[in-house]
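Trainee: My questions all concern the structure below.
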Amino acid sequence: MSIFKKILTAIRGGASEAGEAIIDANSTRIFEQEIRDAENHLTKAKRDLTDVMAKQMATARDVERLKREVAEHEGYATQALEKGNEALALEVAEKIAALEFELADQQTAHDQFSASVVRLKDLIKKSERQVTEYKRQLSMVKTTDSVQKATAAITDNFVSGNSKLLNAKESLERIKAKQQNFDDRMQASEALQAESGDASLEAKLKDAGIGSQQSDASAVLARLKKK
Amino acid sequence: MNIHTIAQYLNDLGDKSNSGYNFDCQPISGEVDVLQVTVEGREELPIFVSVTDDQVLCITYLWGEDEVIEGKRSQMLESMLEMNIPMPLSSFAKVEEKYVVFGALSINSSMSDIEHELLVLSENALDVIDDMSEFLK
């Protein structure tokens, strides 16, 4: 059964028994322990891989060295033969045989290490995928559990606080009304701002002697004298 | 990260919030710590925040099964499914007998990510109730 199905079954089954934990805490702990074990194995496998890779590199170097030595000695043997020194050539040939024996040995070891590296890398990749998958499943289980507990806490809080969650439409209406009220006040304050802005501009214009001026007595007298 | 660090951040935000909204936070104690977050002016639709090992969950309750008009349930569910992807950052869900919108964030999210999430969730909740009110009593 998939983890989704399990959770769904647990939720549906648990709904009838209020207050009962959906997920058995003990099995969650066992699952967590399994994940930790898998992670430990993974760490060990990675260490093993490092060891094997080191050995693989060492044997690769040995194989190279031995191949070089064989080639070198083959050259010596040919030279000895060219000089007619059959005895020396034989001696070199024996050496070459010994080197080739060792080379075959190292080559076998190297091949085995290489195969191990491939196998370990595969194993690690597989284990890593599995640990990730386990963790995802555990997260789902824990989240389900957490949401259930959180819901219980929220419900308790509302019951003890003697307030109830409002009907959705009522809530929306109230929020909209508050928003409307806020908007109205904003608009009113903007209008007020604008008016006082106009008023202050008029005052400034008047101070600067621009626009309609209040007539005063001296101005009237001056006008009359001109007549 | 826990609900207290989130509450601290939101309370300290005050007028410095990028959004211009103020938050009010109230922890609810229980087996799991829950933070009740309300956006100023929207106290009727609180957001409940809880933190698990790998995620931060923000949930707003929309309406109960009992508020759905009889005979319109499947039409409502269909509409909710259709709206699920277009609705930014939030998704629909059902907790016990209540429909909810929720957002889940990585535990490594920044505080401003969480602030953004809460605001979008609040907007979504309002829009959803508005749009779905034809199915509700």
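Just so we're on the same page: first chain in the structure tokens is A, next is B, and so on; residues restart at 1 for each chain, and ligands are numbered from 1 in the order they show up.
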Which residues of chain B are close to chain A, meaning at most 6 Å apart when you count only C-alpha atoms, and how do they look as a PyMOL selection string?

Mentor: chain B and resi 30+32+42+44+62-63

Trainee: Set the distance at 7 Å and use only C-alpha atoms: which residues neighbour stretch 116-133 of chain A once local chain neighbours fewer than 3 positions away are removed? I'd like the list as a JSON list (two decimals) with all heavy atoms, in the first residue's frame.

Mentor:
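The resulting part23.json:
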```json
[["chain", "number", "residue", "atom", "x", "y", "z"],
["A", 35, "ILE", "N", 15.70, 5.00, 9.20],
["A", 35, "ILE", "CA", 16.34, 5.99, 8.33],
["A", 35, "ILE", "C", 17.76, 6.28, 8.82],
["A", 35, "ILE", "O", 18.70, 6.33, 8.04],
["A", 35, "ILE", "CB", 15.50, 7.28, 8.27],
["A", 35, "ILE", "CG1", 14.19, 7.02, 7.52],
["A", 35, "ILE", "CG2", 16.28, 8.41, 7.58],
["A", 35, "ILE", "CD1", 13.23, 8.17, 7.50],
["A", 38, "ALA", "N", 19.99, 3.41, 7.89],
["A", 38, "ALA", "CA", 20.30, 3.46, 6.45],
["A", 38, "ALA", "C", 21.35, 4.52, 6.17],
["A", 38, "ALA", "O", 22.26, 4.31, 5.37],
["A", 38, "ALA", "CB", 19.03, 3.74, 5.66],
["A", 39, "GLU", "N", 21.25, 5.65, 6.88],
["A", 39, "GLU", "CA", 22.24, 6.72, 6.68],
["A", 39, "GLU", "C", 23.61, 6.29, 7.18],
["A", 39, "GLU", "O", 24.63, 6.61, 6.56],
["A", 39, "GLU", "CB", 21.78, 8.01, 7.38],
["A", 39, "GLU", "CG", 20.73, 8.74, 6.58],
["A", 39, "GLU", "CD", 20.23, 10.01, 7.25],
["A", 39, "GLU", "OE1", 20.06, 10.00, 8.49],
["A", 39, "GLU", "OE2", 19.99, 10.99, 6.55],
["A", 42, "LEU", "N", 25.13, 4.09, 4.71],
["A", 42, "LEU", "CA", 25.55, 4.89, 3.57],
["A", 42, "LEU", "C", 26.91, 5.53, 3.84],
["A", 42, "LEU", "O", 27.81, 5.50, 2.98],
["A", 42, "LEU", "CB", 24.50, 5.98, 3.35],
["A", 42, "LEU", "CG", 24.42, 6.60, 1.97],
["A", 42, "LEU", "CD1", 24.24, 5.53, 0.92],
["A", 42, "LEU", "CD2", 23.25, 7.56, 1.93],
["A", 45, "ALA", "N", 29.49, 2.85, 3.55],
["A", 45, "ALA", "CA", 29.70, 2.48, 2.15],
["A", 45, "ALA", "C", 30.57, 3.52, 1.44],
["A", 45, "ALA", "O", 31.44, 3.17, 0.65],
["A", 45, "ALA", "CB", 28.36, 2.34, 1.45],
["A", 49, "LEU", "N", 34.15, 2.94, -0.23],
["A", 49, "LEU", "CA", 34.39, 3.33, -1.61],
["A", 49, "LEU", "C", 35.71, 4.09, -1.73],
["A", 49, "LEU", "O", 36.50, 3.84, -2.64],
["A", 49, "LEU", "CB", 33.23, 4.20, -2.12],
["A", 49, "LEU", "CG", 33.38, 4.75, -3.54],
["A", 49, "LEU", "CD1", 33.42, 3.61, -4.55],
["A", 49, "LEU", "CD2", 32.24, 5.70, -3.89],
["A", 52, "VAL", "N", 38.56, 1.61, -1.52],
["A", 52, "VAL", "CA", 38.69, 0.80, -2.73],
["A", 52, "VAL", "C", 39.24, 1.65, -3.88],
["A", 52, "VAL", "O", 40.08, 1.18, -4.65],
["A", 52, "VAL", "CB", 37.33, 0.17, -3.10],
["A", 52, "VAL", "CG1", 37.43, -0.57, -4.42],
["A", 52, "VAL", "CG2", 36.88, -0.78, -2.01],
["A", 53, "MET", "N", 38.79, 2.88, -3.96],
["A", 53, "MET", "CA", 39.29, 3.75, -5.03],
["A", 53, "MET", "C", 40.77, 4.03, -4.88],
["A", 53, "MET", "O", 41.51, 4.10, -5.86],
["A", 53, "MET", "CB", 38.49, 5.06, -5.07],
["A", 53, "MET", "CG", 37.15, 4.89, -5.77],
["A", 53, "MET", "SD", 36.11, 6.35, -5.64],
["A", 53, "MET", "CE", 36.75, 7.30, -6.99],
["A", 112, "GLN", "N", 39.56, -6.21, -10.31],
["A", 112, "GLN", "CA", 38.63, -6.50, -9.23],
["A", 112, "GLN", "C", 38.23, -5.21, -8.49],
["A", 112, "GLN", "O", 37.06, -5.00, -8.18],
["A", 112, "GLN", "CB", 39.24, -7.48, -8.24],
["A", 112, "GLN", "CG", 39.07, -8.92, -8.70],
["A", 112, "GLN", "CD", 39.89, -9.89, -7.90],
["A", 112, "GLN", "OE1", 40.63, -9.51, -6.98],
["A", 112, "GLN", "NE2", 39.79, -11.17, -8.26],
["A", 113, "PHE", "N", 39.22, -4.37, -8.23],
["A", 113, "PHE", "CA", 38.93, -3.09, -7.54],
["A", 113, "PHE", "C", 38.00, -2.23, -8.38],
["A", 113, "PHE", "O", 37.05, -1.63, -7.86],
["A", 113, "PHE", "CB", 40.22, -2.33, -7.23],
["A", 113, "PHE", "CG", 41.02, -2.95, -6.10],
["A", 113, "PHE", "CD1", 42.41, -3.06, -6.18],
["A", 113, "PHE", "CD2", 40.38, -3.42, -4.96],
["A", 113, "PHE", "CE1", 43.14, -3.63, -5.15],
["A", 113, "PHE", "CE2", 41.11, -4.00, -3.93],
["A", 113, "PHE", "CZ", 42.51, -4.11, -4.03],
["A", 136, "ARG", "N", 11.02, 11.45, 2.68],
["A", 136, "ARG", "CA", 9.82, 12.08, 2.13],
["A", 136, "ARG", "C", 8.58, 11.46, 2.77],
["A", 136, "ARG", "O", 7.66, 12.17, 3.18],
["A", 136, "ARG", "CB", 9.78, 11.88, 0.61],
["A", 136, "ARG", "CG", 8.74, 12.73, -0.11],
["A", 136, "ARG", "CD", 8.79, 12.47, -1.61],
["A", 136, "ARG", "NE", 8.34, 11.14, -1.94],
["A", 136, "ARG", "CZ", 7.08, 10.82, -2.23],
["A", 136, "ARG", "NH1", 6.17, 11.76, -2.27],
["A", 136, "ARG", "NH2", 6.74, 9.58, -2.50],
["A", 137, "GLN", "N", 8.60, 10.13, 2.89],
["A", 137, "GLN", "CA", 7.45, 9.46, 3.50],
["A", 137, "GLN", "C", 7.29, 9.87, 4.96],
["A", 137, "GLN", "O", 6.19, 10.14, 5.43],
["A", 137, "GLN", "CB", 7.63, 7.95, 3.41],
["A", 137, "GLN", "CG", 7.54, 7.45, 1.98],
["A", 137, "GLN", "CD", 7.51, 5.93, 1.90],
["A", 137, "GLN", "OE1", 7.54, 5.24, 2.91],
["A", 137, "GLN", "NE2", 7.47, 5.42, 0.68]]
```

Trainee: I need the residue nearest B:Ser50 from this list: B:Leu89, B:Lys137, B:Thr5, B:Asn22. Use only C-alpha atoms for the distance.

Mentor: B:Thr5

Trainee: Rounded to one decimal, what separation in Å do you get between atom CA of B:Tyr99 and atom CA of B:Asp113?

Mentor: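 These two atoms are separated by 24.4 Å.
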
Trainee: Quick one: residues within 9 Å of B:Asn108, only C-alpha atoms, excluding same-chain residues fewer than 4 positions away - as a list in words?

Mentor: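 In the requested format, the answer is Met1, Asp54 and Gln55 of chain B.
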
Trainee: Write the selection just made, keeping N, CA and C atoms, as a PDB file, in the first residue's frame?

Mentor:
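Here's the written file result-v8.pdb:
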```pdb
ATOM      1  N   MET B   1      14.476  27.723  12.969  1.00  0.00           N
ATOM      2  CA  MET B   1      13.209  28.422  12.709  1.00  0.00           C
ATOM      3  C   MET B   1      12.087  27.776  13.511  1.00  0.00           C
ATOM      4  N   ASP B  54      10.743  19.884   8.213  1.00  0.00           N
ATOM      5  CA  ASP B  54      11.243  20.377   6.935  1.00  0.00           C
ATOM      6  C   ASP B  54      10.379  21.434   6.264  1.00  0.00           C
ATOM      7  N   GLN B  55       9.235  21.771   6.876  1.00  0.00           N
ATOM      8  CA  GLN B  55       8.465  22.829   6.231  1.00  0.00           C
ATOM      9  C   GLN B  55       7.711  23.726   7.200  1.00  0.00           C
TER      10      GLN B  55
END
```

Trainee: Show me, as an MDAnalysis selection string, the residues that have an atom within 6 Å of stretch 64-69 of chain B when counting only C-alpha atoms, minus same-chain residues fewer than 6 positions from it.

Mentor: chainID B and resid 97:98 135:137

Trainee: I'd like the contact shell of stretch 89-97 of chain A - 9 Å cut-off, only C-alpha atoms, skipping same-chain residues fewer than 4 positions apart - returned as a list in words.

Mentor: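 Here the answer would be Glu69, Val70, Ala71, His73, Glu74, Tyr76, Ala77, Thr78, Gln79, Ala80, Leu81, Gly84, Asn85, Phe101 and Glu102 of chain A.
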
Trainee: Just want the 9 Å neighbourhood of A:Val63, counted on only C-alpha atoms, with same-chain residues fewer than 6 positions away dropped. Output as a PyMOL selection string.

Mentor: chain A and resi 102-104+106-107+110

Trainee: Based on DSSP run over this structure's backbone, return all residues of stretch 55-109 of chain B in helix (DSSP H, G or I), as a short mmCIF file (atom, residue, chain, number, x, y, z; two decimals) with C-alpha atoms, in the first residue's frame.

Mentor:
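So out.cif came out as:
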```cif
data_model
loop_
_atom_site.label_atom_id
_atom_site.label_comp_id
_atom_site.auth_asym_id
_atom_site.auth_seq_id
_atom_site.Cartn_x
_atom_site.Cartn_y
_atom_site.Cartn_z
CA GLU B 65 -18.88 21.30 4.93
CA ASP B 66 -22.10 22.49 6.60
CA GLU B 67 -21.86 25.87 4.86
CA ARG B 73 -20.95 20.52 -3.63
CA SER B 74 -19.54 18.78 -6.70
CA GLN B 75 -19.74 21.96 -8.74
CA MET B 76 -17.85 23.76 -5.98
CA LEU B 77 -15.18 21.06 -5.77
CA GLU B 78 -14.73 21.19 -9.53
CA SER B 79 -14.28 24.97 -9.42
CA MET B 80 -11.77 24.66 -6.58
CA LEU B 81 -9.73 22.14 -8.54
CA GLU B 82 -9.75 24.39 -11.57
CA MET B 83 -8.66 27.38 -9.53
CA ASN B 84 -5.92 25.52 -7.69
#
```

Trainee: With DSSP run on the backbone, what are the strand (DSSP E) residues within stretch 33-87 of chain B? I'd like them as a list in words.

Mentor: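 After running DSSP on the backbone, stretch 33-87 of chain B has strand (DSSP E) at Val34, Leu35, Gln36, Val37, Thr38, Val39, Ile47, Phe48, Val49, Ser50, Val51, Gln55, Val56, Leu57, Cys58, Ile59, Thr60, Tyr61, Leu62, Trp63 and Gly64 of chain B.
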
Trainee: Quote the spacing between atom CA of B:Cys58 and atom CA of B:Asp130 in Å to one decimal place.

Mentor: 20.3 Å

Trainee: For B:Leu10, which of B:Thr38, B:Asn124, B:Ser106, B:Ser90 is the closest residue, counting only C-alpha atoms?

Mentor: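 Closest to B:Leu10 of all the choices is B:Thr38.
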
Trainee: Calculated over only C-alpha atoms, which of the candidates B:Met87, B:Val128, B:Ile6, B:Val101 has the smallest distance to B:Thr60?

Mentor: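 Smallest separation from B:Thr60 among the options: B:Val101.
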
Trainee: Go through B:Gly14, B:Asp24, B:Leu105, B:Thr52 one by one, measure the shortest atom-to-atom distance of each to B:Val39 using only C-alpha atoms, and give the residue with the smallest value.

Mentor: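 Smallest separation from B:Val39 among the options: B:Asp24.
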
Trainee: Please list as a ChimeraX atom specification every residue within 7 Å of B:Val100, counting only C-alpha atoms and excluding residues in the same chain fewer than 6 positions away.

Mentor: /B:59-62,92-94

Trainee: Save the residues we just selected, N, CA, C and O atoms, as a short mmCIF file (atom, residue, chain, number, x, y, z; two decimals), in the first residue's frame?

Mentor:
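Contents of again-v6.cif, freshly written:
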```cif
data_model
loop_
_atom_site.label_atom_id
_atom_site.label_comp_id
_atom_site.auth_asym_id
_atom_site.auth_seq_id
_atom_site.Cartn_x
_atom_site.Cartn_y
_atom_site.Cartn_z
N ILE B 59 -1.97 27.91 7.15
CA ILE B 59 -3.31 27.43 6.81
C ILE B 59 -4.36 28.47 7.18
O ILE B 59 -4.30 29.07 8.26
N THR B 60 -5.28 28.71 6.27
CA THR B 60 -6.45 29.55 6.59
C THR B 60 -7.71 28.72 6.37
O THR B 60 -7.87 28.10 5.32
N TYR B 61 -8.59 28.74 7.36
CA TYR B 61 -9.86 28.02 7.23
C TYR B 61 -10.81 28.84 6.39
O TYR B 61 -10.93 30.04 6.59
N LEU B 62 -11.46 28.17 5.45
CA LEU B 62 -12.39 28.89 4.58
C LEU B 62 -13.83 28.71 5.05
O LEU B 62 -14.46 29.65 5.50
N PHE B 92 -5.70 24.44 -2.28
CA PHE B 92 -6.86 24.06 -1.48
C PHE B 92 -6.59 22.75 -0.77
O PHE B 92 -5.85 21.91 -1.26
N ALA B 93 -7.23 22.59 0.36
CA ALA B 93 -7.15 21.32 1.06
C ALA B 93 -8.35 21.20 1.97
O ALA B 93 -9.17 22.12 2.06
N LYS B 94 -8.46 20.05 2.62
CA LYS B 94 -9.55 19.87 3.56
C LYS B 94 -8.97 19.29 4.84
O LYS B 94 -8.20 18.33 4.80
#
```
